[in-house]
Amino acid sequence: MKTRISREQVQDDFINKVAEISGENFFNCYQCGNCSAGCPSVDEMDLLPSQVVRYLQLGLADEVKNCRSMWVCAACTMCHARCPKGVDISRIMDALRMLNLREPKAAARVDVTDFTPEYLERAPQIAMISGYRKFLPL
Ligand code: SF4
Ligand code: SF4
C-alpha cells in the first residue's frame, strides 16, 4: 500500500482532537512494540496498540476512526506501564471512543430501556456504570 504523507494530513482535525482529548503526544512513540506485546486484549484487536499510534503519527485518521481496537481495549494501562516513552495508549483509545460516540450515528448505542427490570435488578452496578462510561457520549 502506498501512503502519501503531507503536513495537512498530519495536522488533520480528527487527529488533533485525539491529541487534545487524550493529552498524549503520539510523536514520542518510536515504535518499539512493548505496548502491543503486553496488551491482554490484543488477540481481539484489528490494529495493534502500537499501530494505532503509528497511524495517528502519520495522519491516517481513516485507519483508526472505526477500528475495533478502541472498543476492545480494557483500559488496563499495561501499555502505559511498559512504554519507555511514557505514551498512555489507554487515554488515546478513550479519546477515539469519545469522538466515535459523539458522531450522530452513535446516538442511543446503549439504551437502558432495552434491559428488562429483572436484568437490571441483578446486574452488577459497578459493571453497569463502567459500561455506560465507556459506551455513552460525554
Ligand atoms: S511502548 Fe510506547 S514507544 Fe513503544 S510502540 Fe508502544 S507507544 Fe510506542
Ligand atoms: S490499556 Fe488497552 S491498549 Fe493498553 S494494554 Fe490495556 S487493553 Fe491494551
# chains A, B, ... in the order shown; residues from 1 in each chain; ligands from 1

call {"tool": "residues_around", "arguments": {"residues": "stretch 71-86 of chain A", "least_positions_apart": "3", "cutoff": "10 Å", "atoms": "only C-alpha atoms", "output": "count of residues only"}}
result
38

call {"tool": "closest_residue", "arguments": {"among": "A:Leu101, A:Ala61, A:Met70, A:Ile126", "to": "ligand 2", "atoms": "only C-alpha atoms and all ligand atoms"}}
result
A:Met70

call {"tool": "closest_residue", "arguments": {"among": "A:Ile129, A:Val10, A:Leu120, A:Val87", "to": "ligand 2", "atoms": "only C-alpha atoms and all ligand atoms"}}
result
A:Val87

call {"tool": "atom_distance", "arguments": {"atom1": "atom CA of A:Arg133", "atom2": "atom CA of A:Phe14"}}
result
21.4 Å

call {"tool": "closest_residue", "arguments": {"among": "A:Asn100, A:Gln125, A:Gln51, A:Thr116", "to": "ligand 1", "atoms": "only C-alpha atoms and all ligand atoms"}}
result
A:Gln51

call {"tool": "select_by_dssp", "arguments": {"residues": "stretch 30-62 of chain A", "states": "helix (DSSP H, G or I)", "output": "MDAnalysis selection string"}}
result
chainID A and resid 34:38 42:44 49:58 61:62

call {"tool": "closest_residue", "arguments": {"among": "A:Gln57, A:Ser6, A:Ser130, A:Asn16", "to": "ligand 1", "atoms": "only C-alpha atoms and all ligand atoms"}}
result
A:Gln57

call {"tool": "residues_around", "arguments": {"residues": "A:Ile21", "least_positions_apart": "3", "cutoff": "6 Å", "atoms": "only C-alpha atoms", "output": "PyMOL selection string"}}
result
chain A and resi 17-18+95

call {"tool": "closest_residue", "arguments": {"among": "A:Arg7, A:Ile15, A:Glu20, A:Asp88", "to": "A:Tyr55", "atoms": "only C-alpha atoms"}}
result
A:Ile15

call {"tool": "atom_distance", "arguments": {"atom1": "atom 5 (S, counted along the ligand's line) of ligand 1", "atom2": "atom CA of A:Asp12"}}
result
21.5 Å

call {"tool": "atom_distance", "arguments": {"atom1": "atom 8 (Fe, counted along the ligand's line) of ligand 2", "atom2": "atom CA of A:Gly23"}}
result
17.8 Å

call {"tool": "residues_around", "arguments": {"residues": "A:Leu58", "least_positions_apart": "2", "cutoff": "8 Å", "atoms": "only C-alpha atoms", "output": "list in words"}}
result
Ile5, Gln9, Val10, Arg54, Tyr55, Leu56 and Leu60 of chain A

call {"tool": "write_last_selection", "arguments": {"atoms": "N, CA and C atoms", "output": "tab-separated table (two decimals), in the first residue's frame"}}
result
chain	number	residue	atom	x	y	z
A	5	ILE	N	2.11	11.19	2.56
A	5	ILE	CA	2.09	11.93	3.83
A	5	ILE	C	2.34	13.41	3.55
A	9	GLN	N	-2.14	16.52	6.15
A	9	GLN	CA	-2.68	15.24	6.60
A	9	GLN	C	-2.31	14.97	8.06
A	10	VAL	N	-1.08	15.26	8.41
A	10	VAL	CA	-0.62	15.00	9.77
A	10	VAL	C	-1.32	15.95	10.75
A	54	ARG	N	0.93	4.63	15.41
A	54	ARG	CA	1.65	4.89	14.15
A	54	ARG	C	0.75	5.59	13.14
A	55	TYR	N	-0.48	5.09	13.02
A	55	TYR	CA	-1.41	5.72	12.08
A	55	TYR	C	-1.69	7.16	12.48
A	56	LEU	N	-1.80	7.40	13.79
A	56	LEU	CA	-2.04	8.78	14.24
A	56	LEU	C	-0.83	9.66	13.92
A	60	LEU	N	-3.11	9.27	9.39
A	60	LEU	CA	-4.04	8.38	8.69
A	60	LEU	C	-5.29	8.16	9.55
